[in-house]
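Chemist: Submitted below is the structure of interest, expressed as structure tokens.
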Amino acid sequence: MKKSRFISGILIMAFLAVVLIVATRQEPEHALTVPADVDTEPGEALEHAMPQTLEPTPAYTGAIGKNMSFFDLMTACGVTPQDINTIASKSKPVYDFRRVYPGQNYEFFTDSTGSLDRFTLELDEVSYIEVTRNGEEYITERKEYPFSVEVKSASGLIERSLYATIIDQSLPLELGAKLTDIFAWDIDFFTEVQKNDYFRVIYEEMARTDLSESDRNAAIGTIIAAEFNTRGVSHYAFLFDNETDLSDYFDQDGKSLQKQLLKAPLSYTRISSSFSRKRFHPVLHHYAPHYGIDYAAPAGTPIMSTGTGTVLVAGYRRGNGNYVKIRHNSNYITYYLHLSRFAAGIKAGAKVKQGQVIGYVGSTGYATGPHLDYRVKKNGRFVNPRTIKLPPAKPVSEADMARFCKLQDSLITEMQQVPIEDRRTEYFAGRGSSPDEADGGAADKNNSHQSAAH
């Protein structure tokens with residue numbers, strides 16, 4: 001009997017030891033612990049100890065390189081030629097990947113097998129293209145980065161050029177580009193802007209909220225209102241929804257700033273030859289009419305269509321060299337001569353938009369150096385592109401004029417509170433006793449006159 005009890009005791013102790021060992025092994029490998037010196041509320045230790053979800057890290061990241069195609073990029077990331085073609089063809093309605101250009105940032109994410117899971121390509125400061133794989137299918141979407149928007153104002157006095165002032169004021173260059181776009185139909189920024197002209201602008205600044213502050217680059221959003229004073233006369237632009245809820249820029253009289261043709265088709269160095277009924281030809285060495293404006297510019301400078309229309313000719317002619325001829329409506333046709341080459345897609349029958357690049361400066365045909373010969377034909381006759389009076393687009397409707405005038409007056413008042421700083425003196429345009437006060441005074445009188453007119 002004693003022997004049986006002894007054996008039973010041994011078995012019970014062995015069983016308890018096994019249970020203890022199993023219980024110990026079932027404890028979590030990573031026990032949740034809280035330092036003894038940290039005060040916690042019930043449940044807080046668990047909250048702090050929960051594993052954090054980390055953002056996936058891209059397998060490949062960088063920027064599109066010089067002469068790099070979409071095919072080159074995808075091949076370097078391990079995508080097969082067949083899949084590259086599938087992605088490119090499926091994405092065309094959203095984005096044509098043949099249009100990638102140097103400097104575009106990209107991120108390439110892979111799955112557990114190393115295959116493409118997600119690919120993003122930056123389009124601009126605001127938007128990007130995202131390609132995701134769903135089984136054997138690829139889905140392409142255009143998306144916008146998350147942004148915060150802040151309304152800001154800026155100003156500047158011109159000493160050398162608009163862009164020099166933008167840089168001096170530590171403002172984004174994009175602000176200068178948007179101002180020239182808005183006023184491109186009324187101001188030639190390469191010949192009409194002079195020293196002591198000034199600008200004021202109210203605009204939206206956008207900052208990405210998905211980036212750390214050190215990585216954020218503020219982008220210029222919508223320009224709400226702008227004033228550009230040149231030669232003592234203020235030109236205004238006010239963003240306004242006219243009837244159809246489509247925003248457009250209008251001047252102080254409610255006229256659209258968008259006209260049928262831009263003042264100039266490119267950013268140029270100088271005008272090397274003007275419109276003339278009798279000019280000595282530098283190649284043919286005899287007097288003949290010159291029905292265009294010659295803009296001297298470096299070879300390869302982009303050339304824009306000055307209006308929306310249809311390409312009639314994109315070809316070569318002995319005197320013209322490579323040239324483009326565009327019909328804009330029943331009244332206007334424009335010509336662009338001596339191009340080095342045409343932009344992609346520019347051919348007879350192609351539809352082009354105002355401001356779209358159609359070619360690049362060259363010296364083909366009868367040309368002694370790189371330049372653009374730009375010509376305008378109105379109702380079948382060549383006219384001087386620099387003196388032609390262009391009709392504006394649809395003005396503010398009568399039904400909306402009262403609402404527009406109220407908005408305009410408030411924006412002019414707001415802009416007048418923005419000082420025009422002259423970096424050389426303590427002078428503020430319209431406020432001081434500088435010899436330049438006449439310009440500021442003229443602007444104030446102009447503003448008062450416009451307000452009284454409404």
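Going through the structure tokens in order, the chains are called A, B, and so on, while each chain numbers its residues from 1 and the ligands are numbered from 1 in the order shown.
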Leaving out Phe404 (chain A) and any residue of its chain fewer than 3 positions from it, which residues lie within 9 Å of it when counting only C-alpha atoms, given as number ranges by chain?
Modeler: A: 238, 240-242, 254, 396, 400-401, 407-409
Chemist: Save out the residues we just selected, N, CA and C atoms, as an mmCIF file, in the first residue's frame.
Modeler:
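Below is the file result_11.cif, written as the result:
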data_model
loop_
_atom_site.group_PDB
_atom_site.id
_atom_site.type_symbol
_atom_site.label_atom_id
_atom_site.label_comp_id
_atom_site.auth_asym_id
_atom_site.auth_seq_id
_atom_site.Cartn_x
_atom_site.Cartn_y
_atom_site.Cartn_z
ATOM 1 N N PHE A 238 -9.909 89.279 -61.847
ATOM 2 C CA PHE A 238 -10.723 88.760 -60.751
ATOM 3 C C PHE A 238 -11.304 87.415 -61.179
ATOM 4 N N PHE A 240 -13.988 84.712 -61.245
ATOM 5 C CA PHE A 240 -15.434 84.836 -61.055
ATOM 6 C C PHE A 240 -16.151 83.728 -61.817
ATOM 7 N N ASP A 241 -17.217 83.172 -61.192
ATOM 8 C CA ASP A 241 -18.058 82.173 -61.853
ATOM 9 C C ASP A 241 -19.142 82.904 -62.628
ATOM 10 N N ASN A 242 -19.084 82.825 -63.937
ATOM 11 C CA ASN A 242 -20.004 83.571 -64.792
ATOM 12 C C ASN A 242 -21.068 82.639 -65.361
ATOM 13 N N GLY A 254 -15.597 93.819 -66.146
ATOM 14 C CA GLY A 254 -16.351 92.597 -66.353
ATOM 15 C C GLY A 254 -16.069 91.915 -67.677
ATOM 16 N N VAL A 396 -18.923 89.230 -68.288
ATOM 17 C CA VAL A 396 -19.863 88.937 -67.200
ATOM 18 C C VAL A 396 -21.269 89.293 -67.667
ATOM 19 N N ASP A 400 -25.357 88.799 -63.640
ATOM 20 C CA ASP A 400 -24.318 88.580 -62.630
ATOM 21 C C ASP A 400 -23.482 89.823 -62.344
ATOM 22 N N MET A 401 -23.746 90.927 -63.046
ATOM 23 C CA MET A 401 -22.878 92.101 -62.923
ATOM 24 C C MET A 401 -22.881 92.684 -61.509
ATOM 25 N N LEU A 407 -17.991 91.772 -55.544
ATOM 26 C CA LEU A 407 -16.779 90.993 -55.320
ATOM 27 C C LEU A 407 -15.547 91.789 -55.708
ATOM 28 N N GLN A 408 -15.622 92.457 -56.847
ATOM 29 C CA GLN A 408 -14.476 93.228 -57.341
ATOM 30 C C GLN A 408 -14.082 94.329 -56.364
ATOM 31 N N ASP A 409 -15.062 95.072 -55.874
ATOM 32 C CA ASP A 409 -14.764 96.179 -54.952
ATOM 33 C C ASP A 409 -14.095 95.671 -53.671
#
Chemist: At what distance in Å, to one decimal, does CA of Lys347 (chain A) lie from CA of Pro298 (chain A)?
Modeler: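 If I compute the distance from CA of Pro298 (chain A) to CA of Lys347 (chain A), I get 23.7 Å.
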Chemist: For a quick check of understanding, using only C-alpha atoms, which of A:Cys77, A:Lys263, A:Ser330, A:Val201 has the smallest distance to Met304 (chain A)?
Modeler: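 Using only C-alpha atoms, Met304 (chain A) sits closest to A:Lys263.
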Chemist: Name the residues in contact with Thr132 (chain A) at a cut-off of 10 Å, using only C-alpha atoms, excluding same-chain residues fewer than 5 positions from it; report them as a CSV table (one decimal) with N, CA and C atoms, in the first residue's frame.
Modeler:
chain,number,residue,atom,x,y,z
A,87,ILE,N,-0.1,47.7,-69.1
A,87,ILE,CA,-0.3,48.8,-68.2
A,87,ILE,C,-0.4,50.1,-69.1
A,109,PHE,N,6.1,49.9,-55.6
A,109,PHE,CA,5.9,49.0,-54.5
A,109,PHE,C,5.7,47.6,-55.0
A,116,LEU,N,4.9,43.7,-59.1
A,116,LEU,CA,4.3,45.1,-59.0
A,116,LEU,C,3.0,45.0,-58.1
A,117,ASP,N,2.9,45.8,-57.1
A,117,ASP,CA,1.7,45.9,-56.3
A,117,ASP,C,1.1,47.3,-56.5
A,118,ARG,N,1.9,48.3,-56.5
A,118,ARG,CA,1.4,49.7,-56.7
A,118,ARG,C,2.5,50.5,-57.3
A,119,PHE,N,2.2,51.4,-58.2
A,119,PHE,CA,3.1,52.4,-58.8
A,119,PHE,C,2.5,53.7,-58.8
A,120,THR,N,3.3,54.8,-58.4
A,120,THR,CA,2.8,56.1,-58.4
A,120,THR,C,3.8,57.0,-59.2
A,137,GLU,N,-5.4,42.1,-63.3
A,137,GLU,CA,-5.9,43.4,-63.8
A,137,GLU,C,-5.0,44.6,-63.3
A,138,TYR,N,-4.9,45.6,-64.1
A,138,TYR,CA,-4.2,46.9,-63.6
A,138,TYR,C,-5.2,48.0,-63.6
A,139,ILE,N,-5.3,48.8,-62.5
A,139,ILE,CA,-6.2,49.9,-62.4
A,139,ILE,C,-5.4,51.2,-62.3
A,140,THR,N,-5.7,52.1,-63.2
A,140,THR,CA,-5.0,53.4,-63.2
A,140,THR,C,-5.9,54.5,-62.9
A,141,GLU,N,-5.5,55.4,-61.9
A,141,GLU,CA,-6.3,56.5,-61.5
A,141,GLU,C,-5.5,57.7,-61.3
Chemist: So what do you get for CA of Val324 (chain A) versus CA of Leu337 (chain A), distance-wise?
Modeler: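 If I compute the distance from CA of Val324 (chain A) to CA of Leu337 (chain A), I get 6.8 Å.
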Chemist: Please, what distance in Å, to one decimal, runs between CA of Ser91 (chain A) and CA of Glu174 (chain A)?
Modeler: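 CA of Glu174 (chain A) lies at a distance of 28.6 Å from CA of Ser91 (chain A).
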Chemist: With only C-alpha atoms as the atoms that count, which of A:Gly369, A:Pro385, A:Gly221, A:Gly380 lies nearest to Asp124 (chain A)?
Modeler: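 Closest to Asp124 (chain A) of all the choices is A:Gly221.
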Chemist: Just want the 8 Å neighbourhood of Tyr336 (chain A), counted on only C-alpha atoms, with same-chain residues fewer than 2 positions away dropped. Output as a count of residues only.
Modeler: 10
Chemist: Which residues of region 135-203 of chain A sit at most 8 Å from region 223-229 of chain A, using only C-alpha atoms? Give each one's shortest atom pair and distance in Å (one decimal place), in chain and ascending residue order, as JSON lines.
Modeler:
{"residue": "A:Lys178", "atom": "CA", "partner": "A:Ile223", "partner_atom": "CA", "distance": 7.8}
{"residue": "A:Leu179", "atom": "CA", "partner": "A:Ala226", "partner_atom": "CA", "distance": 7.8}
{"residue": "A:Asp197", "atom": "CA", "partner": "A:Asn229", "partner_atom": "CA", "distance": 5.5}
{"residue": "A:Tyr198", "atom": "CA", "partner": "A:Asn229", "partner_atom": "CA", "distance": 5.3}
{"residue": "A:Phe199", "atom": "CA", "partner": "A:Phe228", "partner_atom": "CA", "distance": 4.4}
{"residue": "A:Arg200", "atom": "CA", "partner": "A:Glu227", "partner_atom": "CA", "distance": 5.1}
{"residue": "A:Val201", "atom": "CA", "partner": "A:Ala226", "partner_atom": "CA", "distance": 4.2}
{"residue": "A:Ile202", "atom": "CA", "partner": "A:Ala225", "partner_atom": "CA", "distance": 5.3}
{"residue": "A:Tyr203", "atom": "CA", "partner": "A:Ile223", "partner_atom": "CA", "distance": 4.2}
Chemist: Pull N, CA and C atoms from the residues just selected and write them as a PDB file, in the first residue's frame.
Modeler:
ATOM      1  N   LYS A 178       1.975  81.988 -63.304  1.00  0.00           N
ATOM      2  CA  LYS A 178       0.518  82.117 -63.325  1.00  0.00           C
ATOM      3  C   LYS A 178       0.093  83.550 -63.624  1.00  0.00           C
ATOM      4  N   LEU A 179       0.851  84.515 -63.119  1.00  0.00           N
ATOM      5  CA  LEU A 179       0.524  85.915 -63.422  1.00  0.00           C
ATOM      6  C   LEU A 179       0.680  86.201 -64.915  1.00  0.00           C
ATOM      7  N   ASP A 197       7.299  99.355 -62.474  1.00  0.00           N
ATOM      8  CA  ASP A 197       5.980  98.727 -62.525  1.00  0.00           C
ATOM      9  C   ASP A 197       5.843  97.862 -61.276  1.00  0.00           C
ATOM     10  N   TYR A 198       4.612  97.498 -60.907  1.00  0.00           N
ATOM     11  CA  TYR A 198       4.449  96.679 -59.718  1.00  0.00           C
ATOM     12  C   TYR A 198       3.241  95.752 -59.848  1.00  0.00           C
ATOM     13  N   PHE A 199       3.162  94.812 -58.933  1.00  0.00           N
ATOM     14  CA  PHE A 199       2.026  93.888 -58.926  1.00  0.00           C
ATOM     15  C   PHE A 199       1.584  93.633 -57.493  1.00  0.00           C
ATOM     16  N   ARG A 200       0.318  93.293 -57.361  1.00  0.00           N
ATOM     17  CA  ARG A 200      -0.250  92.789 -56.124  1.00  0.00           C
ATOM     18  C   ARG A 200      -1.062  91.554 -56.479  1.00  0.00           C
ATOM     19  N   VAL A 201      -1.099  90.587 -55.584  1.00  0.00           N
ATOM     20  CA  VAL A 201      -1.833  89.358 -55.885  1.00  0.00           C
ATOM     21  C   VAL A 201      -2.354  88.720 -54.605  1.00  0.00           C
ATOM     22  N   ILE A 202      -3.568  88.182 -54.674  1.00  0.00           N
ATOM     23  CA  ILE A 202      -4.163  87.381 -53.602  1.00  0.00           C
ATOM     24  C   ILE A 202      -4.308  85.972 -54.157  1.00  0.00           C
ATOM     25  N   TYR A 203      -3.766  85.003 -53.446  1.00  0.00           N
ATOM     26  CA  TYR A 203      -3.724  83.652 -54.000  1.00  0.00           C
ATOM     27  C   TYR A 203      -3.846  82.605 -52.893  1.00  0.00           C
TER      28      TYR A 203
END
Chemist: For Pro58 (chain A), which residue out of A:Thr110, A:Asn196, A:Ser305, A:Gln356 is the nearest one, using only C-alpha atoms?
Modeler: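 Counting only C-alpha atoms, the residue closest to Pro58 (chain A) is A:Thr110.
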Chemist: Taking only C-alpha atoms into account, which of A:Tyr295, A:Tyr366, A:Phe190, A:Phe382 comes nearest Tyr332 (chain A)?
Modeler: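 Nearest to Tyr332 (chain A): A:Phe382.
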Chemist: Please determine, counting only C-alpha atoms, which residue among A:Ser340, A:Ser397, A:Ser267, A:Thr230 has the shortest atom-to-atom distance to Asp181 (chain A).
Modeler: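 Of all the options, A:Ser267 lies closest to Asp181 (chain A).
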Chemist: As number ranges by chain, please: all residues of region 293-378 of chain A that backbone DSSP puts in strand (DSSP E or B).
Modeler: A: 293-296, 302-304, 309-317, 321-327, 332-342, 351-352, 357-362, 371-378
Chemist: Extract the full set of helix (DSSP H, G or I) residues from region 92-247 of chain A according to DSSP on the backbone, and format it as a JSON list (two decimals) with N, CA and C atoms, in the first residue's frame.
Modeler:
[["chain", "number", "residue", "atom", "x", "y", "z"],
["A", 97, "PHE", "N", 1.57, 57.17, -70.78],
["A", 97, "PHE", "CA", 2.89, 57.05, -70.19],
["A", 97, "PHE", "C", 4.02, 57.33, -71.19],
["A", 98, "ARG", "N", 3.69, 57.51, -72.45],
["A", 98, "ARG", "CA", 4.72, 57.94, -73.40],
["A", 98, "ARG", "C", 5.14, 59.38, -73.14],
["A", 99, "ARG", "N", 4.35, 60.08, -72.32],
["A", 99, "ARG", "CA", 4.61, 61.49, -72.06],
["A", 99, "ARG", "C", 5.44, 61.73, -70.80],
["A", 162, "LEU", "N", 9.88, 90.70, -64.02],
["A", 162, "LEU", "CA", 8.93, 90.11, -63.08],
["A", 162, "LEU", "C", 9.57, 88.94, -62.33],
["A", 163, "TYR", "N", 10.27, 88.08, -63.05],
["A", 163, "TYR", "CA", 10.83, 86.89, -62.41],
["A", 163, "TYR", "C", 11.97, 87.25, -61.45],
["A", 164, "ALA", "N", 12.74, 88.28, -61.78],
["A", 164, "ALA", "CA", 13.78, 88.72, -60.86],
["A", 164, "ALA", "C", 13.16, 89.22, -59.55],
["A", 165, "THR", "N", 12.03, 89.93, -59.66],
["A", 165, "THR", "CA", 11.35, 90.42, -58.46],
["A", 165, "THR", "C", 10.76, 89.27, -57.66],
["A", 166, "ILE", "N", 10.20, 88.29, -58.35],
["A", 166, "ILE", "CA", 9.66, 87.11, -57.68],
["A", 166, "ILE", "C", 10.75, 86.43, -56.85],
["A", 167, "ILE", "N", 11.94, 86.30, -57.44],
["A", 167, "ILE", "CA", 13.06, 85.67, -56.73],
["A", 167, "ILE", "C", 13.50, 86.54, -55.56],
["A", 168, "ASP", "N", 13.60, 87.87, -55.77],
["A", 168, "ASP", "CA", 14.01, 88.77, -54.70],
["A", 168, "ASP", "C", 13.05, 88.71, -53.51],
["A", 173, "LEU", "N", 8.41, 80.62, -58.04],
["A", 173, "LEU", "CA", 8.43, 81.02, -59.45],
["A", 173, "LEU", "C", 7.10, 80.73, -60.13],
["A", 174, "GLU", "N", 6.38, 79.74, -59.62],
["A", 174, "GLU", "CA", 5.09, 79.39, -60.19],
["A", 174, "GLU", "C", 4.11, 80.56, -60.12],
["A", 175, "LEU", "N", 4.28, 81.42, -59.11],
["A", 175, "LEU", "CA", 3.41, 82.59, -58.99],
["A", 175, "LEU", "C", 3.62, 83.52, -60.19],
["A", 176, "GLY", "N", 4.88, 83.70, -60.59],
["A", 176, "GLY", "CA", 5.16, 84.53, -61.76],
["A", 176, "GLY", "C", 4.59, 83.92, -63.02],
["A", 177, "ALA", "N", 4.71, 82.59, -63.16],
["A", 177, "ALA", "CA", 4.18, 81.90, -64.34],
["A", 177, "ALA", "C", 2.67, 82.08, -64.43],
["A", 178, "LYS", "N", 1.98, 81.99, -63.30],
["A", 178, "LYS", "CA", 0.52, 82.12, -63.33],
["A", 178, "LYS", "C", 0.09, 83.55, -63.62],
["A", 179, "LEU", "N", 0.85, 84.51, -63.12],
["A", 179, "LEU", "CA", 0.52, 85.92, -63.42],
["A", 179, "LEU", "C", 0.68, 86.20, -64.92],
["A", 180, "THR", "N", 1.77, 85.72, -65.51],
["A", 180, "THR", "CA", 1.97, 85.95, -66.95],
["A", 180, "THR", "C", 0.91, 85.24, -67.76],
["A", 181, "ASP", "N", 0.45, 84.07, -67.31],
["A", 181, "ASP", "CA", -0.62, 83.37, -68.02],
["A", 181, "ASP", "C", -1.92, 84.17, -67.98],
["A", 182, "ILE", "N", -2.24, 84.70, -66.80],
["A", 182, "ILE", "CA", -3.50, 85.44, -66.65],
["A", 182, "ILE", "C", -3.52, 86.70, -67.50],
["A", 213, "GLU", "N", 7.06, 68.61, -42.27],
["A", 213, "GLU", "CA", 7.24, 70.03, -42.58],
["A", 213, "GLU", "C", 8.54, 70.28, -43.34],
["A", 214, "SER", "N", 9.58, 69.51, -43.02],
["A", 214, "SER", "CA", 10.87, 69.71, -43.69],
["A", 214, "SER", "C", 10.81, 69.30, -45.16],
["A", 215, "ASP", "N", 9.88, 68.39, -45.50],
["A", 215, "ASP", "CA", 9.77, 67.91, -46.88],
["A", 215, "ASP", "C", 8.71, 68.64, -47.69]]
Chemist: Which neighbours of Thr301 (chain A) fall inside 12 Å, counting only C-alpha atoms, when residues of the same chain fewer than 6 positions from it are skipped, and could you give them as a VMD selection string?
Modeler: chain A and resid 265 to 269 295 339 to 343 357 to 363 370 to 372
Chemist: Would you export the selected residues with N, CA and C atoms as a short mmCIF file (atom, residue, chain, number, x, y, z; two decimals), in the first residue's frame, please?
Modeler:
data_model
loop_
_atom_site.label_atom_id
_atom_site.label_comp_id
_atom_site.auth_asym_id
_atom_site.auth_seq_id
_atom_site.Cartn_x
_atom_site.Cartn_y
_atom_site.Cartn_z
N PRO A 265 3.78 84.16 -79.00
CA PRO A 265 3.75 82.70 -78.98
C PRO A 265 4.88 82.03 -78.21
N LEU A 266 5.78 82.80 -77.63
CA LEU A 266 6.92 82.20 -76.93
C LEU A 266 7.58 83.21 -76.02
N SER A 267 8.45 82.71 -75.15
CA SER A 267 9.31 83.58 -74.35
C SER A 267 10.54 83.86 -75.19
N TYR A 268 10.76 85.11 -75.53
CA TYR A 268 11.80 85.42 -76.49
C TYR A 268 12.83 86.38 -75.93
N THR A 269 13.99 86.43 -76.60
CA THR A 269 15.07 87.31 -76.18
C THR A 269 14.84 88.73 -76.65
N TYR A 295 10.91 86.77 -83.73
CA TYR A 295 11.30 86.70 -82.33
C TYR A 295 12.61 85.92 -82.24
N LEU A 339 10.77 76.46 -87.79
CA LEU A 339 10.88 75.58 -86.63
C LEU A 339 11.98 74.54 -86.82
N SER A 340 12.61 74.17 -85.72
CA SER A 340 13.59 73.09 -85.78
C SER A 340 12.89 71.74 -85.88
N ARG A 341 11.75 71.61 -85.20
CA ARG A 341 10.96 70.39 -85.26
C ARG A 341 9.56 70.68 -84.71
N PHE A 342 8.66 69.74 -84.95
CA PHE A 342 7.29 69.87 -84.47
C PHE A 342 7.13 69.15 -83.12
N ALA A 343 6.18 69.59 -82.34
CA ALA A 343 5.87 68.89 -81.09
C ALA A 343 5.11 67.61 -81.42
N VAL A 357 2.10 73.71 -76.70
CA VAL A 357 3.37 73.72 -77.45
C VAL A 357 3.16 72.98 -78.76
N ILE A 358 3.51 73.65 -79.88
CA ILE A 358 3.33 73.05 -81.20
C ILE A 358 4.66 72.78 -81.91
N GLY A 359 5.75 73.37 -81.42
CA GLY A 359 7.04 73.16 -82.05
C GLY A 359 8.13 73.88 -81.28
N TYR A 360 9.32 73.94 -81.92
CA TYR A 360 10.48 74.50 -81.23
C TYR A 360 11.28 75.39 -82.19
N VAL A 361 11.85 76.44 -81.63
CA VAL A 361 12.58 77.42 -82.43
C VAL A 361 13.74 76.75 -83.17
N GLY A 362 13.90 77.16 -84.43
CA GLY A 362 15.01 76.65 -85.24
C GLY A 362 15.44 77.69 -86.26
N SER A 363 16.11 77.26 -87.30
CA SER A 363 16.58 78.17 -88.35
C SER A 363 16.45 77.50 -89.72
N PRO A 370 18.64 81.18 -85.41
CA PRO A 370 17.43 80.68 -84.76
C PRO A 370 16.47 81.79 -84.38
N HIS A 371 15.26 81.69 -84.87
CA HIS A 371 14.21 82.66 -84.52
C HIS A 371 12.87 82.10 -84.98
N LEU A 372 11.79 82.73 -84.52
CA LEU A 372 10.45 82.38 -84.97
C LEU A 372 9.87 83.55 -85.76
#
Chemist: Which is closer to Gly78 (chain A) than all the others in A:Ile64, A:Ala297, A:Ile346, A:Ala59, using only C-alpha atoms?
Modeler: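 That would be A:Ala59, the residue with the smallest distance to Gly78 (chain A).
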